[in-house]
Each structure stands twice: as C-alpha cells, then as structure tokens.
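> Input target29.cif, format and content: mmCIF, C-alpha atoms, pLDDT in the B column; chains and numbers go by the auth columns.
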```cif
data_data
loop_
_atom_site.group_PDB
_atom_site.id
_atom_site.type_symbol
_atom_site.label_atom_id
_atom_site.label_comp_id
_atom_site.label_asym_id
_atom_site.label_seq_id
_atom_site.Cartn_x
_atom_site.Cartn_y
_atom_site.Cartn_z
_atom_site.B_iso_or_equiv
_atom_site.auth_seq_id
_atom_site.auth_asym_id
ATOM 1 C CA MET A 1 -79.722 174.528 -14.383 84.00 10 A
ATOM 2 C CA LEU A 2 -80.606 172.238 -11.496 92.00 11 A
ATOM 3 C CA ILE A 3 -82.560 173.604 -8.563 92.00 12 A
ATOM 4 C CA HIS A 4 -82.521 172.107 -5.093 95.00 13 A
ATOM 5 C CA VAL A 5 -86.034 171.203 -3.868 94.00 14 A
ATOM 6 C CA MET A 6 -87.517 169.686 -0.730 94.00 15 A
ATOM 7 C CA TYR A 7 -90.501 167.329 -1.014 94.00 16 A
ATOM 8 C CA PRO A 8 -92.926 166.526 1.810 93.00 17 A
ATOM 9 C CA GLY A 9 -91.272 164.191 4.323 92.00 18 A
ATOM 10 C CA ASN A 10 -87.962 166.086 4.137 91.00 19 A
ATOM 11 C CA ASN A 11 -86.817 164.339 0.949 93.00 20 A
ATOM 12 C CA TYR A 12 -84.452 166.437 -1.164 95.00 21 A
ATOM 13 C CA ASP A 13 -83.709 166.396 -4.871 94.00 22 A
ATOM 14 C CA TYR A 14 -82.354 168.497 -7.742 95.00 23 A
ATOM 15 C CA VAL A 15 -84.729 169.268 -10.618 94.00 24 A
ATOM 16 C CA LYS A 16 -84.598 171.242 -13.842 92.00 25 A
ATOM 17 C CA GLU A 17 -86.295 174.638 -13.980 87.00 26 A
ATOM 18 C CA PHE A 18 -89.233 173.536 -16.133 86.00 27 A
ATOM 19 C CA ILE A 19 -89.940 170.712 -13.672 91.00 28 A
ATOM 20 C CA LEU A 20 -89.802 173.202 -10.795 90.00 29 A
ATOM 21 C CA ASP A 21 -92.592 175.184 -12.461 87.00 30 A
ATOM 22 C CA ASP A 22 -94.793 172.084 -12.549 89.00 31 A
ATOM 23 C CA LEU A 23 -93.946 171.154 -8.957 91.00 32 A
ATOM 24 C CA ILE A 24 -94.893 174.653 -7.777 87.00 33 A
ATOM 25 C CA LYS A 25 -98.193 174.594 -9.717 87.00 34 A
ATOM 26 C CA THR A 26 -99.153 171.177 -8.352 89.00 35 A
ATOM 27 C CA GLY A 27 -97.898 171.871 -4.830 87.00 36 A
ATOM 28 C CA ASN A 28 -95.752 168.728 -4.810 92.00 37 A
ATOM 29 C CA ILE A 29 -92.803 170.414 -3.072 93.00 38 A
ATOM 30 C CA VAL A 30 -92.490 172.120 0.286 93.00 39 A
ATOM 31 C CA LYS A 31 -89.709 174.513 -0.673 93.00 40 A
ATOM 32 C CA PHE A 32 -86.939 175.188 -3.175 93.00 41 A
ATOM 33 C CA ARG A 33 -83.615 176.970 -2.992 93.00 42 A
ATOM 34 C CA ARG A 34 -82.901 180.319 -4.655 88.00 43 A
ATOM 35 C CA SER A 35 -79.555 182.080 -4.634 87.00 44 A
ATOM 36 C CA SER A 36 -80.910 184.141 -1.721 87.00 45 A
ATOM 37 C CA GLY A 37 -81.926 181.062 0.300 90.00 46 A
ATOM 38 C CA TRP A 38 -84.808 178.618 0.714 92.00 47 A
ATOM 39 C CA VAL A 39 -88.301 179.627 -0.434 89.00 48 A
ATOM 40 C CA SER A 40 -91.287 178.015 1.285 88.00 49 A
ATOM 41 C CA LEU A 41 -94.432 177.496 -0.754 85.00 50 A
ATOM 42 C CA GLY A 42 -97.391 179.192 0.856 80.00 51 A
ATOM 43 C CA SER A 43 -95.405 181.705 2.893 80.00 52 A
ATOM 44 C CA ASP A 44 -92.754 183.252 0.621 74.00 53 A
ATOM 45 C CA HIS A 45 -93.212 185.240 -2.594 70.00 54 A
ATOM 46 C CA LEU A 46 -93.196 182.978 -5.636 67.00 55 A
ATOM 47 C CA ARG A 47 -92.831 183.747 -9.295 60.00 56 A
ATOM 48 C CA THR A 48 -96.048 184.302 -11.179 59.00 57 A
ATOM 49 C CA GLU A 49 -96.962 183.169 -14.642 55.00 58 A
ATOM 50 C CA LYS A 50 -96.439 185.776 -17.308 55.00 59 A
ATOM 51 C CA ARG A 51 -99.779 187.096 -18.432 55.00 60 A
ATOM 52 C CA GLN A 52 -100.179 187.916 -22.066 57.00 61 A
ATOM 53 C CA SER A 53 -101.374 191.440 -22.502 62.00 62 A
ATOM 54 C CA PHE A 54 -103.379 192.238 -25.577 66.00 63 A
ATOM 55 C CA TYR A 55 -103.695 195.642 -27.159 66.00 64 A
ATOM 56 C CA ASN A 56 -107.367 196.557 -27.520 74.00 65 A
ATOM 57 C CA GLY A 57 -106.864 199.685 -29.621 73.00 66 A
ATOM 58 C CA VAL A 58 -106.820 200.328 -33.339 74.00 67 A
ATOM 59 C CA GLU A 59 -104.096 198.553 -35.320 68.00 68 A
ATOM 60 C CA LYS A 60 -101.662 201.248 -36.426 69.00 69 A
ATOM 61 C CA ARG A 61 -99.249 199.058 -38.340 67.00 70 A
ATOM 62 C CA ALA A 62 -100.091 198.768 -42.001 63.00 71 A
ATOM 63 C CA VAL A 63 -100.305 195.179 -43.168 64.00 72 A
ATOM 64 C CA GLY A 64 -98.009 194.550 -46.130 61.00 73 A
ATOM 65 C CA ALA A 65 -96.888 198.178 -46.214 60.00 74 A
ATOM 66 C CA HIS A 66 -93.776 199.124 -48.118 61.00 75 A
ATOM 67 C CA PHE A 67 -91.722 201.878 -46.642 60.00 76 A
ATOM 68 C CA ALA A 68 -90.067 204.656 -48.590 61.00 77 A
ATOM 69 C CA PRO A 69 -86.278 204.387 -48.962 59.00 78 A
ATOM 70 C CA ARG A 70 -84.274 206.084 -46.249 60.00 79 A
ATOM 71 C CA LYS A 71 -81.892 208.932 -46.938 59.00 80 A
ATOM 72 C CA VAL A 72 -78.493 209.100 -45.334 59.00 81 A
ATOM 73 C CA ASN A 73 -76.513 212.318 -45.711 61.00 82 A
ATOM 74 C CA ASN A 74 -78.895 213.322 -48.501 59.00 83 A
ATOM 75 C CA LEU A 75 -77.994 210.218 -50.532 57.00 84 A
ATOM 76 C CA ARG A 76 -80.685 207.793 -51.531 58.00 85 A
ATOM 77 C CA LEU A 77 -79.965 204.229 -50.403 55.00 86 A
ATOM 78 C CA VAL A 78 -80.183 201.750 -53.226 60.00 87 A
ATOM 79 C CA GLY A 79 -81.055 198.102 -52.594 59.00 88 A
ATOM 80 C CA PRO A 80 -80.124 195.060 -54.707 60.00 89 A
ATOM 81 C CA GLU A 81 -83.634 194.861 -56.187 56.00 90 A
ATOM 82 C CA SER A 82 -83.473 198.436 -57.440 52.00 91 A
ATOM 83 C CA THR A 83 -82.806 199.282 -61.093 54.00 92 A
ATOM 84 C CA GLU A 84 -81.058 202.502 -60.084 55.00 93 A
ATOM 85 C CA SER A 85 -77.301 202.696 -59.869 55.00 94 A
ATOM 86 C CA ALA A 86 -75.477 203.713 -56.718 53.00 95 A
ATOM 87 C CA PRO A 87 -74.312 207.360 -56.624 57.00 96 A
ATOM 88 C CA PHE A 88 -70.621 206.484 -56.442 57.00 97 A
ATOM 89 C CA SER A 89 -70.479 203.441 -58.674 51.00 98 A
ATOM 90 C CA SER A 90 -68.112 203.425 -61.627 50.00 99 A
#
```
Would you encode the structure as structure tokens?


Amino acid sequence: MLIHVMYPGNNYDYVKEFILDDLIKTGNIVKFRRSSGWVSLGSDHLRTEKRQSFYNGVEKRAVGAHFAPRKVNNLRLVGPESTESAPFSS
C-alpha cells in the first residue's frame, strides 16, 4: 500500500509502508496521510515499535512432551502410527 508523505520544503511523494517506518525513525518527513487525515511528526500521535515482552517465570511447557490420546464420546482416538485398530473398522 502506498502512503502519501510530505518532505521538508513541501515536496510530496507516495512511499511503501516499510519505507514510511524508516522515514519516521530518521525524521526525514514532515507529515504523512492516514485515513483520518494528515499526521504531523512531533505533534501528533505516531505508531510505536512493538516491544517484545519476555516471560520471566518458570517454563511450564514440557520440552518434547508427548500428550495422552484424547477421548471423544468415550472412544479412544487412534492415529496412523498406532498399532491399535479403530473401534468401528471392519
């Protein structure tokens, strides 16, 4: 998607979204156009970079764990690697 931008000196252009991110970070544009109107750098609310959040607690997922087969309507599900036969097979 192309986004309308205004550079210093009132020069206008259309740029791709990933280029807009770089222009905002470097401050090389004065404003850009959103669906709601023009956004001025330095005075309007801009998007922020997504921060990665890390979980600092104990790992609760078992590494390499194998889960017990599920039961549906009291029937044991049988996978292709199983040596058991399906309950309704002939």

> Quick one, how far is atom CA of Pro17 of chain A from atom CA of Trp47 of chain A?

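Taking atom CA of Pro17 of chain A and atom CA of Trp47 of chain A, their separation equals 14.6 Å.
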
> Decode the PyMOL selection byres ((chain A and resi 14) around 7) for the given file into explicit residues and return them as a PDB file with C-alpha atoms, keeping the file's coordinate frame.


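Produced file out.pdb, reproduced below:
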```pdb
ATOM      1  CA  ILE A  12     -82.560 173.604  -8.563  1.00 92.00           C
ATOM      2  CA  HIS A  13     -82.521 172.107  -5.093  1.00 95.00           C
ATOM      3  CA  MET A  15     -87.517 169.686  -0.730  1.00 94.00           C
ATOM      4  CA  TYR A  16     -90.501 167.329  -1.014  1.00 94.00           C
ATOM      5  CA  TYR A  21     -84.452 166.437  -1.164  1.00 95.00           C
ATOM      6  CA  ASP A  22     -83.709 166.396  -4.871  1.00 94.00           C
ATOM      7  CA  TYR A  23     -82.354 168.497  -7.742  1.00 95.00           C
ATOM      8  CA  ILE A  38     -92.803 170.414  -3.072  1.00 93.00           C
ATOM      9  CA  LYS A  40     -89.709 174.513  -0.673  1.00 93.00           C
ATOM     10  CA  PHE A  41     -86.939 175.188  -3.175  1.00 93.00           C
ATOM     11  CA  ARG A  42     -83.615 176.970  -2.992  1.00 93.00           C
TER      12      ARG A  42
END
```

> Give, as JSON, the centre coordinates and the x, y and z edge lengths in Å to one decimal for an axis-aligned box around all listed atoms of segment 34-41 of chain A, padded by 5 Å on each side.


```
{"center_x": -93.0, "center_y": 172.0, "center_z": -4.7, "size_x": 22.2, "size_y": 16.5, "size_z": 20.0}
```

> Return as number ranges by chain the set of residues that the PyMOL selection byres ((chain A and resi 30) around 12) yields on the displayed structure.

A: 12, 14, 24-29, 31-38, 41, 55-58

> Do you have the atom CA of Gly46 of chain A-atom CA of Gly18 of chain A distance handy?

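Spanning atom CA of Gly46 of chain A to atom CA of Gly18 of chain A is a straight-line distance of 19.7 Å.
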